[in-house]
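S.K.: Quick one: structure below, then a few questions.
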Amino acid sequence: MYNFKAVEKKWQKKWDDEQTFKAVTGEKKPKWYGLIEFPYPSAQGLHVGHPRSYTAMDVIARKRRMQGYNVLFPIGFDAFGLPAENFAIKNHVHPKIITQQNIDNFTRQLKSIGFSFDWSRCINTTDPEYYKWTQWIFIQLFKKGLAYKTTMTINYCTSCKVGLSNEEVVNGKCERCGGEVIQKEKSEWMLKITEYAQRLIDDLDEVDFLDRIKAQQINWIGRSEGAEVEFKIKESDDSLRVFTTRPDTLFGATYMVIAPEHKLVEKYKDRITNFKEVEKYQKEAAKKSDFERTEINKSKTGVELKGLKAINPVNNKEIPIWISDYVMASYGTGAIMAVPAHDERDYAFAKKFKLDIIPVLKPDDPDFDIEKEAYIGDGIHINSEFLDGLNKEEAIEKIIAWLEKEKIGEKKVNYKLRDWVFSRQRYWGEPIPMVHCEKCGWQPIDEKELPLTLPEVKEFEPGEEGESPLASHPEWFETTCPKCGGKAIRETDTMPQWAGSSWYYLRYMDPDNNKELASKKALKYWNQVDWYNGGMEHTTLHLLYSRFWHKFLYDIGVVPTKEPYAKRTSHGMILGPNGEKMSKSKGNVINPDDMVNEYGADTLRVYEMFMGPFDQTAPWSIESIRGCSKFLDRIWKMQDMLVDDDNYSPEHEKMMNKAIKKVTNDIEEMKFNTCVSTFMEMVNEFVKDKKITRKEFRDFMILLNPFAPHISEEINENSKLGEPLAYAPWPTFDEKLTIDDMINLPIQINGKLRATIDVAKDLSQEEIKKIVHENEKVQKLIEDKNIVKEIYVPNRIYNIVIK
RNA sequence: GCAGAUGUGGCGGAAUUGGUAGACGCACAGGACUUAAAAUCCUGCGGACUAAUACUCCGUCCCGGUUCGAUUCCGGGCAUCUGCACCA
């Protein structure tokens, strides 16, 4: 009986002791860098979702080593974050302590599954020697004008007195205490990712990301072309700028809408005759999230700014100005011109508040009724003076030329992407290495002083007004200005968790360097991550943020490549046995420790690869994992039928060549489930014939090794098949031997299968035709019928069309 | 709402990308071994009609189209899942 517990421990110890999977910078072999998203070390320990992605990359990494590559396959911990801090607040334990415990537990768990990580390069984002460089990058961003301070609204719990993430806000209430959440103004550090928007789109051309990942990033960045147009405010020197993708519909603009937070409201509060009402609306809007505000089928709300009017620049008509929460301060200019005749949201708003609707496009459908709905389609312009009779493209071109000539607008590209809010009012994050001096303004600290470490404190509660916990430690924040030497105050906000994960793949290249984030030599040698696998949910944040940082580092000459990741793939989520997302409250959580204890690491690995297509969600099945365990037992028992022969046996030669081909290719396409079923078919075949030669077994074990490294090494050693498998050369196949000489050819009549015949491969149509027509069944079915035509797809199908 | 995906037996899924739908595994049923059970091994397993592994018909979410032939391509619809910027 196979004793997985002892065997797995034995090989894991050996790999550890011998540092089997250590990557050597500068080695002559071709390099290959495989990356998985490093985990957040939560108190719950590893989730069964982690080993899915990790096993997949481990399979590829192990295969690459066998194919002769110098492989870098590292692991680390993304250890700053809210849960540790919340735990610290509640239990008065330093987050450092709980984080270390969690990391130890994760390490134990990861090692128990036998991943071929290079543990000597393990990193931890909360280590000052690591975050020193996160802070260093921030200072460089600041120096290049890409970090700036601005006021932003954040979610703020009025009873905990703390800033909240969107996720912590549930139905407008604080997730922790149920207190009321409001939008509070805060001065925050921002990073100008928008400056890189175009390059983040363009450079997708040079990387190999799944199409849906590219599409999602492009949509997230949301480039749109249009124009900015200036609307004068009547009886004032101010004007409202709007961005529109349809400047050609300007003649149909019958009112304007600005975001409730728009600065103009405050400025003109004396002229707004219904300011009380306006103020009330602003307060209500502040309670809603962006998501609630932009929901299209909710009914539109808004308040007119009475006493203010705007002038439509194309016809000098006076139009009213409204505030409404469907307009976002953060997108475009925070103001829109409304063309209700041709925009659904504007139409709904105009109907509700009885505003003018002027069609400026002639519908294609003559029965179209503008009284009933907005016309969204294209058409020839009407009611538009000098644009009349033009189509969309012509009209856009003409109006932009006109706007530019009259100096009331210009062509403009707008992006949905917003700048990155980089401040957190939290303790457990990298301190932002900035100092504020009355005289000199914001100054970065001297780079020689890095890392700026977190002070050792006992309490982690936020301040009265929602300031960072660091703000209650004057001994830490009182300092001197690096420029003038006068009194100055440190920034007390910390960085978001995204910071440390935006560049961690670079640190793996040279993790112990205390002079640079990584040496030039290491950066040049490892160059780029060759293959990065991670969750689809990180596509628009982490993946985009790290591409942005990488491009910046490229611009300042730190890294040699424009893009961090040459290839990006994604895995699907694992659901609970009931088909729902695993969660403690639903009681459907599967613990990887239990699986390793009960079935062993190899079974867990094989099952996770077998459970379904790698890129799709899959529910856990308690019964199916047992099937994988049984499968490995059957392989172990195959040692009893070993035949002392250093060749393939004639009856297995084709199968071996086919299997090597299939597994070799399927791993590259991440079709791990079909690799495992290929292994199962092989076992069925060997067991049926009750024999396996030494060479067959050896090659089979090499193919299996990336999936089930422990049992394959043990069988290889136990049955004396050869050298250890970790660096054994990957088997090759002979294309000729993957093709069968005889084929089973289906015969269809009118597209329906009626018979099959066994014929030699590559017969000509004439030869096949003869055999087909001799077939009794075929004769019966075609007698008295007219043969219209006969189709032969060589080695695929023979179809007779009859009437 | 916006964006991205998915839909095939009782279940997870396979199908060389337009060519025998259901590989492989699970569950289930029958048998062998056993005093018995577990484990293991063998057989069957989409549905209907059947004595039948003879025939025949239906069948890859729904409706329509292209084709000798559609799970695969096109148009329209329905359902489910994921993300939405301070969750990691």
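Following the order of the structure tokens, chains are lettered A, B, ..., residues in each are numbered from 1, and ligands are numbered from 1.
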Pull out every residue of chain B sitting within 10 Å of chain A, counting only C-alpha atoms (C1' of nucleotides), and send them as a ChimeraX atom specification.

M.R.: /B:1-6,11-14,19-20,23-27,68-69,81-88

S.K.: Give me, as a ChimeraX atom specification, the residues of range 577-763 of chain A that a backbone DSSP run labels strand (DSSP E or B).

M.R.: /A:581,618-619,642-643,692-693,742-749,752-760

S.K.: Need to verify the contact set: His342 in chain A, 6 Å, only C-alpha atoms (C1' of nucleotides), exclusion of same-chain residues closer than 2 positions in sequence. Can you return it as a PyMOL selection string?

M.R.: chain A and resi 339-340+374-376

S.K.: What would the file look like if the residues just selected were written as a PDB file, in the first residue's frame with C-alpha atoms?

M.R.:
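Written output follows (result_15.pdb):
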ATOM      1  CA  VAL A 339     -29.041  66.167 -25.515  1.00  0.00           C
ATOM      2  CA  PRO A 340     -32.263  64.477 -24.445  1.00  0.00           C
ATOM      3  CA  ALA A 374     -34.803  58.819 -27.324  1.00  0.00           C
ATOM      4  CA  TYR A 375     -33.396  58.164 -30.779  1.00  0.00           C
ATOM      5  CA  ILE A 376     -30.058  56.443 -30.234  1.00  0.00           C
TER       6      ILE A 376
END

S.K.: Measuring between only C-alpha atoms, which one of A:Ser519, A:Ser324, A:Thr245, A:Ser116 shows the shortest distance to Arg65 in chain A?

M.R.: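 The shortest atom-to-atom distance to Arg65 in chain A comes from A:Ser116.
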
S.K.: What does the distance between CA of Lys411 in chain A and CA of Leu387 in chain A come to in Å, to one decimal place?

M.R.: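 Interatomic distance, CA of Lys411 in chain A to CA of Leu387 in chain A: 17.1 Å.
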
S.K.: Env of Ala310 in chain A: 7 Å cut, atoms = only C-alpha atoms (C1' of nucleotides), seq-sep filter 4 positions within chain, self excluded. Answer as a ChimeraX atom specification.

M.R.: /A:231-234,318-321

S.K.: Mind writing the picked residues with C-alpha atoms as a compact mmCIF listing (two decimals), in the first residue's frame?

M.R.:
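Wrote part.txt, looks like this:
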# COMPACT_ATOMS: atom_id res chain seq x y z
CA PHE A 231 -20.61 76.98 -22.14
CA LYS A 232 -20.62 80.52 -20.76
CA ILE A 233 -22.56 81.20 -17.63
CA LYS A 234 -24.92 84.10 -18.11
CA GLU A 318 -30.17 80.33 -22.60
CA ILE A 319 -30.41 76.88 -21.06
CA PRO A 320 -30.96 75.80 -17.44
CA ILE A 321 -28.29 74.18 -15.25

S.K.: Please identify all polymer residues within 12 Å of Trp15 in chain A, counting only C-alpha atoms (C1' of nucleotides), omitting same-chain residues fewer than 6 positions from it, and present them as a list in words.

M.R.: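 Within the cut-off, the hits are Glu8, Lys9, Phe21, Lys22, Lys111, Ser112, Gly114, Phe115, Ser116, Phe117, Asp118, Trp119, Pro709, His710, Glu713, Pro724, Leu725 and Ala726 of chain A.
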
S.K.: Enter the distance from CA of Gly377 in chain A to CA of Arg246 in chain A, in Å, rounded to one decimal.

M.R.: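 These atoms are spaced 12.4 Å apart.
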
S.K.: Could you write out, as a PyMOL selection string, all the residues of range 146-373 of chain A that DSSP marks as helix (DSSP H, G or I)?

M.R.: chain A and resi 166-168+193-206+211-221+247-252+263-267+275-287+290-294+340-342+344-353

S.K.: Counting only C-alpha atoms (C1' of nucleotides), what is within 10 Å of C73 in chain B, bar same-chain residues fewer than 4 positions away, as a PDB file with all heavy atoms, in the first residue's frame?

M.R.:
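Done, and the output landed in out04.pdb:
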ATOM      1  P     G B  18     -13.626  25.278 -37.328  1.00  0.00           P
ATOM      2  OP1   G B  18     -12.945  25.401 -38.644  1.00  0.00           O
ATOM      3  OP2   G B  18     -13.788  26.448 -36.479  1.00  0.00           O
ATOM      4  O5'   G B  18     -15.042  24.626 -37.567  1.00  0.00           O
ATOM      5  C5'   G B  18     -15.685  23.845 -36.553  1.00  0.00           C
ATOM      6  C4'   G B  18     -16.383  22.678 -37.207  1.00  0.00           C
ATOM      7  O4'   G B  18     -17.502  23.179 -37.982  1.00  0.00           O
ATOM      8  C3'   G B  18     -15.524  21.884 -38.178  1.00  0.00           C
ATOM      9  O3'   G B  18     -15.861  20.498 -38.124  1.00  0.00           O
ATOM     10  C2'   G B  18     -15.959  22.373 -39.542  1.00  0.00           C
ATOM     11  O2'   G B  18     -15.734  21.478 -40.586  1.00  0.00           O
ATOM     12  C1'   G B  18     -17.445  22.586 -39.264  1.00  0.00           C
ATOM     13  N9    G B  18     -18.120  23.416 -40.254  1.00  0.00           N
ATOM     14  C8    G B  18     -17.608  24.418 -41.036  1.00  0.00           C
ATOM     15  N7    G B  18     -18.474  24.924 -41.848  1.00  0.00           N
ATOM     16  C5    G B  18     -19.631  24.208 -41.599  1.00  0.00           C
ATOM     17  C6    G B  18     -20.905  24.294 -42.196  1.00  0.00           C
ATOM     18  O6    G B  18     -21.285  25.050 -43.084  1.00  0.00           O
ATOM     19  N1    G B  18     -21.793  23.375 -41.651  1.00  0.00           N
ATOM     20  C2    G B  18     -21.493  22.485 -40.663  1.00  0.00           C
ATOM     21  N2    G B  18     -22.474  21.681 -40.276  1.00  0.00           N
ATOM     22  N3    G B  18     -20.299  22.394 -40.089  1.00  0.00           N
ATOM     23  C4    G B  18     -19.431  23.268 -40.615  1.00  0.00           C
ATOM     24  P     U B  66     -31.053  29.305 -44.802  1.00  0.00           P
ATOM     25  OP1   U B  66     -31.477  29.630 -46.177  1.00  0.00           O
ATOM     26  OP2   U B  66     -31.487  28.032 -44.163  1.00  0.00           O
ATOM     27  O5'   U B  66     -29.460  29.372 -44.736  1.00  0.00           O
ATOM     28  C5'   U B  66     -28.764  30.470 -45.315  1.00  0.00           C
ATOM     29  C4'   U B  66     -27.274  30.292 -45.111  1.00  0.00           C
ATOM     30  O4'   U B  66     -26.982  30.299 -43.696  1.00  0.00           O
ATOM     31  C3'   U B  66     -26.726  28.951 -45.584  1.00  0.00           C
ATOM     32  O3'   U B  66     -26.489  28.936 -46.983  1.00  0.00           O
ATOM     33  C2'   U B  66     -25.438  28.852 -44.776  1.00  0.00           C
ATOM     34  O2'   U B  66     -24.418  29.643 -45.325  1.00  0.00           O
ATOM     35  C1'   U B  66     -25.874  29.451 -43.434  1.00  0.00           C
ATOM     36  N1    U B  66     -26.298  28.409 -42.469  1.00  0.00           N
ATOM     37  C2    U B  66     -25.302  27.762 -41.753  1.00  0.00           C
ATOM     38  O2    U B  66     -24.125  28.024 -41.891  1.00  0.00           O
ATOM     39  N3    U B  66     -25.745  26.792 -40.886  1.00  0.00           N
ATOM     40  C4    U B  66     -27.052  26.417 -40.658  1.00  0.00           C
ATOM     41  O4    U B  66     -27.288  25.527 -39.837  1.00  0.00           O
ATOM     42  C5    U B  66     -28.026  27.127 -41.433  1.00  0.00           C
ATOM     43  C6    U B  66     -27.622  28.075 -42.295  1.00  0.00           C
ATOM     44  P     U B  67     -26.996  27.669 -47.857  1.00  0.00           P
ATOM     45  OP1   U B  67     -26.677  27.967 -49.260  1.00  0.00           O
ATOM     46  OP2   U B  67     -28.383  27.307 -47.466  1.00  0.00           O
ATOM     47  O5'   U B  67     -26.042  26.497 -47.358  1.00  0.00           O
ATOM     48  C5'   U B  67     -24.641  26.573 -47.583  1.00  0.00           C
ATOM     49  C4'   U B  67     -23.951  25.423 -46.889  1.00  0.00           C
ATOM     50  O4'   U B  67     -24.135  25.556 -45.455  1.00  0.00           O
ATOM     51  C3'   U B  67     -24.520  24.046 -47.201  1.00  0.00           C
ATOM     52  O3'   U B  67     -24.035  23.543 -48.428  1.00  0.00           O
ATOM     53  C2'   U B  67     -24.026  23.241 -45.998  1.00  0.00           C
ATOM     54  O2'   U B  67     -22.668  22.887 -46.143  1.00  0.00           O
ATOM     55  C1'   U B  67     -24.152  24.272 -44.858  1.00  0.00           C
ATOM     56  N1    U B  67     -25.420  24.105 -44.101  1.00  0.00           N
ATOM     57  C2    U B  67     -25.387  23.270 -42.997  1.00  0.00           C
ATOM     58  O2    U B  67     -24.388  22.685 -42.633  1.00  0.00           O
ATOM     59  N3    U B  67     -26.588  23.124 -42.335  1.00  0.00           N
ATOM     60  C4    U B  67     -27.780  23.722 -42.664  1.00  0.00           C
ATOM     61  O4    U B  67     -28.774  23.498 -41.983  1.00  0.00           O
ATOM     62  C5    U B  67     -27.728  24.571 -43.816  1.00  0.00           C
ATOM     63  C6    U B  67     -26.575  24.728 -44.484  1.00  0.00           C
TER      64        U B  67
END

S.K.: List the spatial neighbours of Tyr331 in chain A as a list in words - criterion: any atom at most 9 Å away, only C-alpha atoms (C1' of nucleotides), same-chain residues fewer than 3 positions off excluded.

M.R.: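 Close residues of Tyr331 in chain A: Val327, Met328, Gly334, Ala335, Asn414, Tyr415, Lys416, Leu417 and Arg418 of chain A.
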
S.K.: Could you please take those selected residues and save N, CA, C and O atoms as a CSV table (one decimal), in the first residue's frame?

M.R.:
chain,number,residue,atom,x,y,z
A,327,VAL,N,-24.3,62.4,-12.8
A,327,VAL,CA,-23.1,63.0,-13.3
A,327,VAL,C,-22.0,62.9,-12.2
A,327,VAL,O,-22.2,63.3,-11.1
A,328,MET,N,-20.8,62.3,-12.6
A,328,MET,CA,-19.8,62.1,-11.7
A,328,MET,C,-18.7,63.2,-11.8
A,328,MET,O,-18.3,63.6,-12.8
A,334,GLY,N,-16.8,66.7,-15.0
A,334,GLY,CA,-17.8,66.7,-13.9
A,334,GLY,C,-19.1,67.5,-14.4
A,334,GLY,O,-19.9,67.9,-13.5
A,335,ALA,N,-19.2,67.8,-15.6
A,335,ALA,CA,-20.4,68.5,-16.2
A,335,ALA,C,-20.7,67.9,-17.5
A,335,ALA,O,-19.8,67.5,-18.2
A,414,ASN,N,-10.7,61.5,-24.1
A,414,ASN,CA,-11.0,61.4,-22.7
A,414,ASN,C,-10.9,59.9,-22.3
A,414,ASN,O,-11.1,59.0,-23.1
A,415,TYR,N,-10.5,59.7,-21.0
A,415,TYR,CA,-10.4,58.3,-20.5
A,415,TYR,C,-11.3,58.1,-19.3
A,415,TYR,O,-11.4,59.0,-18.5
A,416,LYS,N,-11.9,56.9,-19.2
A,416,LYS,CA,-12.7,56.6,-18.0
A,416,LYS,C,-11.7,56.4,-16.8
A,416,LYS,O,-12.1,56.7,-15.7
A,417,LEU,N,-10.6,55.9,-17.1
A,417,LEU,CA,-9.6,55.7,-16.1
A,417,LEU,C,-9.4,56.9,-15.2
A,417,LEU,O,-9.3,58.0,-15.7
A,418,ARG,N,-9.4,56.7,-13.9
A,418,ARG,CA,-9.1,57.8,-13.0
A,418,ARG,C,-7.8,57.6,-12.3
A,418,ARG,O,-7.2,56.5,-12.3
